[in-house]
Structure formats: structure tokens, C-alpha cells
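Structure, as C-alpha cells:
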Amino acid sequence: ARLKHAKILMAGGMRVPGFYDCELNEMSIAKRFGLAVDRVDMHTIWKHGEDKYPESVLTPLVDRLLSSPAVAGNFVKQDELLKSVRLSLALADYANSNGYVGLALKNWPELFDNYGISGDGAGSLVQDLGIPVADESDMGALLTMVAFNELTMSEGLPTLMDFSFVNHQDNKIGMWHCGGTATRLMREGTQLEIRNHSILDNYDPEDPYGMLFEFLQATGPVTIAKYQYPHASTIFAFEGDMIDSPMRYRGCYGEVAPKGICSKSIAGSVMNHGMDHHWVVARGHLQEDLREFNYWLGVEELAPAEAKTTGRGLPKKLDY
């Protein structure tokens with residue numbers, strides 16, 4: 001009910017360069033979900049933060065962040081910490097003031113090039129406040145996050161990730177992203193590190209930007225899903241359990257043991273259906289609730305493929 005005639009925000013105005021599967025047909029969203037899409041440029045958000053949150057407000061917040069027992073170490077410059085916290089406050093305040101139920105954040109390249117920060121950590125803090133944030137302006141991911149958030153009354157804590165690791169022998173898949181996951185999802189008994197963007201660190205270690213939060217994700221039941229580009233008229237979803245694992249990559253990481261489907265079938269489904277590259281991990285086994293929701297929306301659930309690839313998939317049938 002809350003979604004009907006609600007609004008979602010694309011903060012930054014458009015998708016990041018080259019990420020074609022992160023846009024969506026706005027008319028399809030309005031018709032199917034009842035959601036309106038607003039777009040605002042990054043300068044408007046940034047100016048909102050500068051006008052409302054002076055350094056005198058930011059410095060005590062950064063000090064509290066750095067002194068938290070959850071933080072194992074900080075590798076980010078003070079100026080970038082201040083700017084990142086300001087951006088998180090600006091995004092959260094702008095979303096709440098204008099009634100947005102979630103936002104997609106264009107966290108590069110403008111934040112790198114024009115403002116000298118990485119936006120992932122800011123998005124993480126906004127999600128800690130209960131507002132879904134999809135990295136890299138991914139509208140399909142944001143739709144999925146918003147649906148999970150509403151279906152679970154904000155208990156699902158959905159987060160955007162990539163499929164980044166498979167262990168077919170043990171039926172495990174690794175979910176990873178740069179470092180924009182809500183810190184509330186940090187694994188019990190572990191700590192986080194405040195870091196620069198790992199890809200920038202690898203590319204130019206002398207001049208990377210922060211801040212990101214890097215940590216292992218909490219264990220427990222999860223549902224993984226994504227409304228697919230370009231019309232959000234199809235979805236692929238499955239359940240599993242986030243299990244104990246090492247930190248295989250810098251960023252936010254966790255490994256899932258899928259239930260009712262094997263890792264080979266998941267990989268085959270992604271390739272045979274030509275699915276998007278981002279996925280949303282939500283807390284809880286929610287597939288039946290999601291199916292009920294999708295039934296009334298008229299969204300088709302894509303069937304799992306065999307554990308092999310054919311090359312004859314959904315992209316051939318899509319009208320772009």
C-alpha cells in the first residue's frame with residue numbers, strides 16, 4: 001500500500017557510464033509498480049549538504065564513527081571522511097524531506113572527479129537509517145530493494161551485490177560489492193575497516209578516494225533476487241543461507257549456500273537468461289512473499305535453467 005503512488009530517486013540523474021542494465025523503462029515502472037521516478041543532479045544533493053551540515057556538525061560525528069568498537073582501523077583522510085558523512089546526511093535528509101522510499105546513487109565518476117570522495121560509505125550509512133540505496137544508479141536493484149524493504153516492514157535490510165565467486169563442488173556462491181552495505185549487516189564477532197575504494201587503490205594507490213566500509217556479512221537465511229532490465233517485467237529469485245566464510249575480496253563479502261537450486265543452475269540461469277550483473281540480497285526466506293507480490297503485479301518469475309549454458313537466452317527476445 002505504501003508503494004502505490006510513491007516515489008523513488010535517482011541521485012545523480014542517470015546511470016554510471018557503460019552500465020546499460022542499470023537503467024529501466026520509467027513508464028513500465030509507473031504502470032506496473034505505481035512508482036514515480038525523479039532524477040536530481042549530484043550538485044543539488046551536494047549543495048543541500050553544504051547548506052545544512054557545516055563542519056562543526058560533521059566533526060563530532062566522524063569522531064564518534066572512528067571511536068566505535070565496531071571499527072578495526074581507518075585508512076581514509078579526514079577531509080574525505082567529513083565529505084562522506086555530509087553526503088550521507090544530505091541524501092537521507094533529501095529523501096525523507098521529499099518522501100522517497102528509496103534512492104539509486106550515481107556514486108561515480110562525479111564523486112571521484114568533482115568532489116574527491118567515494119560514495120559507497122555514504123550509501124552504507126543511509127541504509128543504516130532504513131532507506132534503501134542502490135549503488136551505481138541501478139534502478140532494477142532499487143526496485144528489488146524497495147519491494148523487499150516494504151514486504152518485510154524494513155526488517156529485510158536488502159543490499160546490492162555481485163555474483164563474484166562460485167564453488168560448484170560445495171554448492172556455494174560468493175556475493176560481493178565495493179563497500180556500500182549497511183553496517184548493521186556486519187557479521188557478529190567481527191569488525192569493519194574504513195577504506196579507500198579498492199578498485200581505485202589498485203589502479204592508483206597514491207591517489208584513491210574514500211570512504212567505504214569493508215566487512216564480512218552476517219550469517220543467516222537470505223533471499224537473492226533482481227527485477228530484470230529493461231522493463232522489470234521479469235524476476236529471478238532463490239533462497240539460501242549466508243554461511244561462515246573467509247574474506248575473499250576487499251569490500252563487503254559473504255558466501256551463500258543456496259537451497260532448492262544448485263550453484264551450477266544459478267550460473268547457467270544468469271547466462272542463459274542474459275540477466276543483469278547486480279543482485280539484491282535480503283534477510284530472511286522471502287521467496288513465497290515475493291511470489292505473491294509479483295503475482296498481483298504481473299511479473300513473470302524466470303525458471304531456473306539446467307546446469308549448462310546454451311547461448312540461446314532472453315536477450316534475443318528483448319525489445320530494447
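Labels used: A, B, ... for chains in the order of the C-alpha cells, numbers from 1 for residues in each chain, and numbers from 1 for ligands as shown.
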Could you build a table of the residues in region 167-251 of chain A lying no more than 9 Å from region 295-306 of chain A, giving for each the nearest pair of atoms and their separation in Å rounded to one decimal place, using only C-alpha atoms, ordered by chain and ascending residue number, as a Markdown table?
| residue | atom | partner | partner_atom | distance |
| --- | --- | --- | --- | --- |
| A:Tyr227 | CA | A:Val299 | CA | 8.7 |
| A:Ala232 | CA | A:Val299 | CA | 7.5 |
| A:Ser233 | CA | A:Val299 | CA | 4.8 |
| A:Thr234 | CA | A:Glu300 | CA | 4.6 |
| A:Ile235 | CA | A:Glu301 | CA | 4.9 |
| A:Phe236 | CA | A:Leu302 | CA | 5.2 |
| A:Ala237 | CA | A:Glu301 | CA | 7.7 |
Those same residues - all heavy atoms - I'd like them written as a PDB file, in the first residue's frame.
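Just written: out.pdb:
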ATOM      1  N   TYR A 227      14.735  -7.737 -10.181  1.00  0.00           N
ATOM      2  CA  TYR A 227      13.874  -7.372 -11.309  1.00  0.00           C
ATOM      3  C   TYR A 227      14.781  -7.011 -12.481  1.00  0.00           C
ATOM      4  O   TYR A 227      15.692  -6.198 -12.342  1.00  0.00           O
ATOM      5  CB  TYR A 227      12.980  -6.194 -10.942  1.00  0.00           C
ATOM      6  CG  TYR A 227      11.886  -6.541  -9.963  1.00  0.00           C
ATOM      7  CD1 TYR A 227      11.926  -6.086  -8.647  1.00  0.00           C
ATOM      8  CD2 TYR A 227      10.809  -7.340 -10.341  1.00  0.00           C
ATOM      9  CE1 TYR A 227      10.932  -6.413  -7.745  1.00  0.00           C
ATOM     10  CE2 TYR A 227       9.808  -7.676  -9.447  1.00  0.00           C
ATOM     11  CZ  TYR A 227       9.876  -7.207  -8.147  1.00  0.00           C
ATOM     12  OH  TYR A 227       8.889  -7.541  -7.261  1.00  0.00           O
ATOM     13  N   ALA A 232      11.492  -4.477 -15.981  1.00  0.00           N
ATOM     14  CA  ALA A 232      11.129  -5.007 -14.657  1.00  0.00           C
ATOM     15  C   ALA A 232       9.874  -5.873 -14.730  1.00  0.00           C
ATOM     16  O   ALA A 232       9.093  -5.949 -13.791  1.00  0.00           O
ATOM     17  CB  ALA A 232      10.935  -3.887 -13.641  1.00  0.00           C
ATOM     18  N   SER A 233       9.693  -6.544 -15.858  1.00  0.00           N
ATOM     19  CA  SER A 233       8.536  -7.428 -16.023  1.00  0.00           C
ATOM     20  C   SER A 233       8.894  -8.881 -15.745  1.00  0.00           C
ATOM     21  O   SER A 233       8.023  -9.755 -15.774  1.00  0.00           O
ATOM     22  CB  SER A 233       7.985  -7.310 -17.456  1.00  0.00           C
ATOM     23  OG  SER A 233       8.987  -7.639 -18.400  1.00  0.00           O
ATOM     24  N   THR A 234      10.178  -9.152 -15.486  1.00  0.00           N
ATOM     25  CA  THR A 234      10.628 -10.495 -15.122  1.00  0.00           C
ATOM     26  C   THR A 234      11.531 -10.394 -13.894  1.00  0.00           C
ATOM     27  O   THR A 234      12.108  -9.348 -13.610  1.00  0.00           O
ATOM     28  CB  THR A 234      11.414 -11.176 -16.259  1.00  0.00           C
ATOM     29  OG1 THR A 234      12.558 -10.379 -16.587  1.00  0.00           O
ATOM     30  CG2 THR A 234      10.546 -11.356 -17.489  1.00  0.00           C
ATOM     31  N   ILE A 235      11.644 -11.514 -13.184  1.00  0.00           N
ATOM     32  CA  ILE A 235      12.489 -11.561 -11.987  1.00  0.00           C
ATOM     33  C   ILE A 235      13.055 -12.956 -11.851  1.00  0.00           C
ATOM     34  O   ILE A 235      12.441 -13.941 -12.284  1.00  0.00           O
ATOM     35  CB  ILE A 235      11.686 -11.181 -10.721  1.00  0.00           C
ATOM     36  CG1 ILE A 235      12.612 -10.954  -9.517  1.00  0.00           C
ATOM     37  CG2 ILE A 235      10.633 -12.239 -10.405  1.00  0.00           C
ATOM     38  CD1 ILE A 235      11.919 -10.365  -8.305  1.00  0.00           C
ATOM     39  N   PHE A 236      14.247 -13.037 -11.283  1.00  0.00           N
ATOM     40  CA  PHE A 236      14.826 -14.329 -10.898  1.00  0.00           C
ATOM     41  C   PHE A 236      15.115 -14.261  -9.411  1.00  0.00           C
ATOM     42  O   PHE A 236      15.621 -13.250  -8.912  1.00  0.00           O
ATOM     43  CB  PHE A 236      16.113 -14.611 -11.675  1.00  0.00           C
ATOM     44  CG  PHE A 236      16.677 -15.984 -11.442  1.00  0.00           C
ATOM     45  CD1 PHE A 236      16.066 -17.095 -12.002  1.00  0.00           C
ATOM     46  CD2 PHE A 236      17.814 -16.169 -10.665  1.00  0.00           C
ATOM     47  CE1 PHE A 236      16.586 -18.374 -11.794  1.00  0.00           C
ATOM     48  CE2 PHE A 236      18.332 -17.434 -10.455  1.00  0.00           C
ATOM     49  CZ  PHE A 236      17.721 -18.549 -11.022  1.00  0.00           C
ATOM     50  N   ALA A 237      14.783 -15.314  -8.679  1.00  0.00           N
ATOM     51  CA  ALA A 237      14.941 -15.295  -7.231  1.00  0.00           C
ATOM     52  C   ALA A 237      15.189 -16.706  -6.709  1.00  0.00           C
ATOM     53  O   ALA A 237      14.708 -17.688  -7.276  1.00  0.00           O
ATOM     54  CB  ALA A 237      13.692 -14.705  -6.566  1.00  0.00           C
TER      55      ALA A 237
END
_Residue contacts of Ser88 (chain A) (6 Å, only C-alpha atoms) excluding same-chain residues fewer than 3 positions away, as a list of chain:residue names_ = A:Val85, A:Leu91, A:Ala122, A:Val126
File dump, residues just selected, all heavy atoms, as a short mmCIF file (atom, residue, chain, number, x, y, z; two decimals), in the first residue's frame:
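Final output, again_38.cif:
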data_model
loop_
_atom_site.label_atom_id
_atom_site.label_comp_id
_atom_site.auth_asym_id
_atom_site.auth_seq_id
_atom_site.Cartn_x
_atom_site.Cartn_y
_atom_site.Cartn_z
N VAL A 85 30.45 11.77 5.28
CA VAL A 85 29.38 11.84 6.27
C VAL A 85 28.38 12.92 5.88
O VAL A 85 27.17 12.75 6.03
CB VAL A 85 29.97 12.08 7.68
CG1 VAL A 85 28.87 12.42 8.68
CG2 VAL A 85 30.75 10.85 8.14
N LEU A 91 21.84 13.00 1.58
CA LEU A 91 21.00 12.02 0.88
C LEU A 91 19.81 11.61 1.74
O LEU A 91 18.66 11.57 1.26
CB LEU A 91 21.82 10.79 0.52
CG LEU A 91 22.85 10.94 -0.61
CD1 LEU A 91 23.80 9.75 -0.63
CD2 LEU A 91 22.17 11.11 -1.96
N ALA A 122 28.91 6.53 2.23
CA ALA A 122 27.76 7.39 2.49
C ALA A 122 26.46 6.61 2.29
O ALA A 122 25.53 6.70 3.09
CB ALA A 122 27.79 8.61 1.57
N VAL A 126 23.34 5.71 4.99
CA VAL A 126 21.93 5.99 4.70
C VAL A 126 21.10 4.72 4.89
O VAL A 126 19.99 4.76 5.44
CB VAL A 126 21.77 6.56 3.28
CG1 VAL A 126 20.30 6.73 2.93
CG2 VAL A 126 22.50 7.89 3.15
#
_I'd like the neighbourhood of Ala182 (chain A) as a PyMOL selection string, where a residue qualifies if any of its atoms comes within 8 Å (using only C-alpha atoms), though same-chain residues fewer than 2 positions away should be ignored._
chain A and resi 123-128+157+159+180+184-186
*Contacts of region 213-218 of chain A at 6 Å or less, counting only C-alpha atoms, minus same-chain residues fewer than 4 places along, as a PyMOL selection string?*
chain A and resi 121+179+185-187+192-194+251-254
Would you write out those residues with N, CA, C and O atoms, as a PDB file, in the first residue's frame?
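Output saved as selection.pdb:
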ATOM      1  N   GLY A 121      30.457   4.479   1.148  1.00  0.00           N
ATOM      2  CA  GLY A 121      30.288   4.570   2.593  1.00  0.00           C
ATOM      3  C   GLY A 121      29.115   5.447   2.986  1.00  0.00           C
ATOM      4  O   GLY A 121      28.408   5.166   3.957  1.00  0.00           O
ATOM      5  N   GLY A 179      31.646  -1.842  -0.997  1.00  0.00           N
ATOM      6  CA  GLY A 179      31.681  -1.447   0.403  1.00  0.00           C
ATOM      7  C   GLY A 179      30.561  -0.504   0.776  1.00  0.00           C
ATOM      8  O   GLY A 179      30.767   0.414   1.572  1.00  0.00           O
ATOM      9  N   LEU A 185      24.630  -5.029   8.925  1.00  0.00           N
ATOM     10  CA  LEU A 185      24.756  -6.390   8.408  1.00  0.00           C
ATOM     11  C   LEU A 185      26.139  -6.992   8.657  1.00  0.00           C
ATOM     12  O   LEU A 185      26.458  -8.049   8.123  1.00  0.00           O
ATOM     13  N   MET A 186      26.958  -6.339   9.463  1.00  0.00           N
ATOM     14  CA  MET A 186      28.285  -6.868   9.754  1.00  0.00           C
ATOM     15  C   MET A 186      28.182  -8.142  10.582  1.00  0.00           C
ATOM     16  O   MET A 186      27.356  -8.244  11.492  1.00  0.00           O
ATOM     17  N   ARG A 187      29.016  -9.115  10.259  1.00  0.00           N
ATOM     18  CA  ARG A 187      28.983 -10.407  10.939  1.00  0.00           C
ATOM     19  C   ARG A 187      29.323 -10.263  12.421  1.00  0.00           C
ATOM     20  O   ARG A 187      30.266  -9.555  12.788  1.00  0.00           O
ATOM     21  N   LEU A 192      34.811  -3.886  11.159  1.00  0.00           N
ATOM     22  CA  LEU A 192      34.933  -3.344   9.811  1.00  0.00           C
ATOM     23  C   LEU A 192      36.170  -2.469   9.711  1.00  0.00           C
ATOM     24  O   LEU A 192      36.723  -2.013  10.717  1.00  0.00           O
ATOM     25  N   GLU A 193      36.620  -2.268   8.493  1.00  0.00           N
ATOM     26  CA  GLU A 193      37.685  -1.310   8.208  1.00  0.00           C
ATOM     27  C   GLU A 193      37.127  -0.197   7.342  1.00  0.00           C
ATOM     28  O   GLU A 193      36.314  -0.446   6.443  1.00  0.00           O
ATOM     29  N   ILE A 194      37.542   1.030   7.613  1.00  0.00           N
ATOM     30  CA  ILE A 194      37.171   2.184   6.798  1.00  0.00           C
ATOM     31  C   ILE A 194      38.286   2.367   5.776  1.00  0.00           C
ATOM     32  O   ILE A 194      39.424   2.660   6.140  1.00  0.00           O
ATOM     33  N   GLY A 251      36.080  -5.283   0.388  1.00  0.00           N
ATOM     34  CA  GLY A 251      34.741  -4.755   0.206  1.00  0.00           C
ATOM     35  C   GLY A 251      33.800  -5.410   1.193  1.00  0.00           C
ATOM     36  O   GLY A 251      34.179  -5.729   2.310  1.00  0.00           O
ATOM     37  N   CYS A 252      32.538  -5.600   0.799  1.00  0.00           N
ATOM     38  CA  CYS A 252      31.563  -6.349   1.596  1.00  0.00           C
ATOM     39  C   CYS A 252      31.389  -7.714   0.948  1.00  0.00           C
ATOM     40  O   CYS A 252      31.131  -7.807  -0.250  1.00  0.00           O
ATOM     41  N   TYR A 253      31.503  -8.764   1.737  1.00  0.00           N
ATOM     42  CA  TYR A 253      31.518 -10.109   1.150  1.00  0.00           C
ATOM     43  C   TYR A 253      30.801 -11.100   2.056  1.00  0.00           C
ATOM     44  O   TYR A 253      30.815 -10.979   3.289  1.00  0.00           O
ATOM     45  N   GLY A 254      30.163 -12.085   1.432  1.00  0.00           N
ATOM     46  CA  GLY A 254      29.565 -13.197   2.147  1.00  0.00           C
ATOM     47  C   GLY A 254      29.277 -14.327   1.186  1.00  0.00           C
ATOM     48  O   GLY A 254      29.028 -14.098  -0.006  1.00  0.00           O
TER      49      GLY A 254
END
_Pairwise distance for CA of Met275 (chain A) and CA of Asp21 (chain A), rounded to one decimal in Å_ =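 So the two atoms, CA of Met275 (chain A) and CA of Asp21 (chain A), lie 8.8 Å apart.
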As a compact mmCIF listing (two decimals) with N, CA, C and O atoms, in the first residue's frame, please: the residues near region 171-175 of chain A (cut-off 8 Å, only C-alpha atoms, same-chain neighbours under 3 positions excluded).
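What ended up in around21.txt:
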# COMPACT_ATOMS: atom_id res chain seq x y z
N MET A 161 24.61 -6.42 -4.47
CA MET A 161 25.88 -7.14 -4.58
C MET A 161 26.03 -7.74 -5.97
O MET A 161 25.09 -7.73 -6.77
N ASP A 162 27.22 -8.26 -6.25
CA ASP A 162 27.51 -9.02 -7.47
C ASP A 162 27.72 -10.50 -7.12
O ASP A 162 28.19 -10.82 -6.04
N PHE A 163 27.41 -11.39 -8.09
CA PHE A 163 27.92 -12.76 -8.02
C PHE A 163 29.40 -12.71 -8.36
O PHE A 163 29.77 -12.36 -9.48
N SER A 164 30.27 -13.04 -7.42
CA SER A 164 31.70 -12.85 -7.65
C SER A 164 32.54 -14.10 -7.41
O SER A 164 33.75 -14.08 -7.65
N PHE A 165 31.93 -15.18 -6.92
CA PHE A 165 32.70 -16.38 -6.60
C PHE A 165 31.76 -17.58 -6.66
O PHE A 165 30.60 -17.48 -6.26
N VAL A 166 32.25 -18.69 -7.20
CA VAL A 166 31.47 -19.93 -7.17
C VAL A 166 32.35 -21.07 -6.74
O VAL A 166 33.54 -21.14 -7.07
N ASN A 167 31.78 -21.96 -5.97
CA ASN A 167 32.41 -23.22 -5.60
C ASN A 167 31.38 -24.31 -5.88
O ASN A 167 30.56 -24.65 -5.04
N HIS A 168 31.38 -24.80 -7.13
CA HIS A 168 30.36 -25.75 -7.54
C HIS A 168 30.46 -27.08 -6.79
O HIS A 168 29.46 -27.76 -6.56
N TYR A 253 31.50 -8.76 1.74
CA TYR A 253 31.52 -10.11 1.15
C TYR A 253 30.80 -11.10 2.06
O TYR A 253 30.82 -10.98 3.29
N GLY A 254 30.16 -12.09 1.43
CA GLY A 254 29.57 -13.20 2.15
C GLY A 254 29.28 -14.33 1.19
O GLY A 254 29.03 -14.10 -0.01
N GLU A 255 29.31 -15.56 1.68
CA GLU A 255 29.05 -16.73 0.84
C GLU A 255 27.72 -17.36 1.19
O GLU A 255 27.36 -17.46 2.37
N VAL A 256 27.00 -17.77 0.15
CA VAL A 256 25.65 -18.30 0.30
C VAL A 256 25.63 -19.75 -0.14
O VAL A 256 26.16 -20.11 -1.20
N ALA A 257 25.00 -20.59 0.68
CA ALA A 257 24.67 -21.96 0.29
C ALA A 257 23.22 -21.95 -0.17
O ALA A 257 22.30 -21.85 0.65
N PRO A 258 22.96 -22.01 -1.49
CA PRO A 258 21.59 -21.93 -1.99
C PRO A 258 20.76 -23.15 -1.61
O PRO A 258 21.31 -24.24 -1.41
N CYS A 262 21.02 -25.47 -7.32
CA CYS A 262 22.47 -25.61 -7.16
C CYS A 262 23.20 -24.45 -7.81
O CYS A 262 22.64 -23.74 -8.66
N SER A 263 24.43 -24.25 -7.41
CA SER A 263 25.22 -23.13 -7.92
C SER A 263 25.41 -23.20 -9.43
O SER A 263 25.45 -22.17 -10.11
N LYS A 264 25.51 -24.42 -9.98
CA LYS A 264 25.66 -24.55 -11.43
C LYS A 264 24.40 -24.09 -12.16
O LYS A 264 24.48 -23.44 -13.21
Region 196-206 of chain A: which residues within 8 Å, counting only C-alpha atoms, same-chain residues fewer than 2 positions away excluded, as an mmCIF file with C-alpha atoms, in the first residue's frame?
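Saved the output as part_7.cif:
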data_model
loop_
_atom_site.group_PDB
_atom_site.id
_atom_site.type_symbol
_atom_site.label_atom_id
_atom_site.label_comp_id
_atom_site.auth_asym_id
_atom_site.auth_seq_id
_atom_site.Cartn_x
_atom_site.Cartn_y
_atom_site.Cartn_z
ATOM 1 C CA PHE A 75 42.747 4.317 6.185
ATOM 2 C CA VAL A 76 40.867 7.393 4.871
ATOM 3 C CA SER A 118 33.875 7.590 -2.980
ATOM 4 C CA CYS A 178 32.726 -2.472 -3.104
ATOM 5 C CA GLY A 179 31.681 -1.447 0.403
ATOM 6 C CA ILE A 194 37.171 2.184 6.798
ATOM 7 C CA PRO A 208 42.498 6.798 -4.232
ATOM 8 C CA TYR A 209 39.344 8.074 -2.543
ATOM 9 C CA GLY A 210 37.268 7.012 0.477
ATOM 10 C CA MET A 211 35.182 6.171 2.315
ATOM 11 C CA LEU A 212 33.966 2.604 2.163
ATOM 12 C CA ARG A 250 38.138 -6.380 -0.276
ATOM 13 C CA GLY A 251 34.741 -4.755 0.206
#
*Report as an MDAnalysis selection string: the residues of region 142-264 of chain A with a DSSP assignment of strand (DSSP E or B), based on the backbone of this structure.*
chainID A and resid 159:167 172:177 186 192:196 210:217 220:227 234:243 252:259
_Nearest residue to Asp207 (chain A) from the set A:Gly99, A:Pro69, A:Gly116, A:Pro54 (distances using only C-alpha atoms)_ = A:Gly116
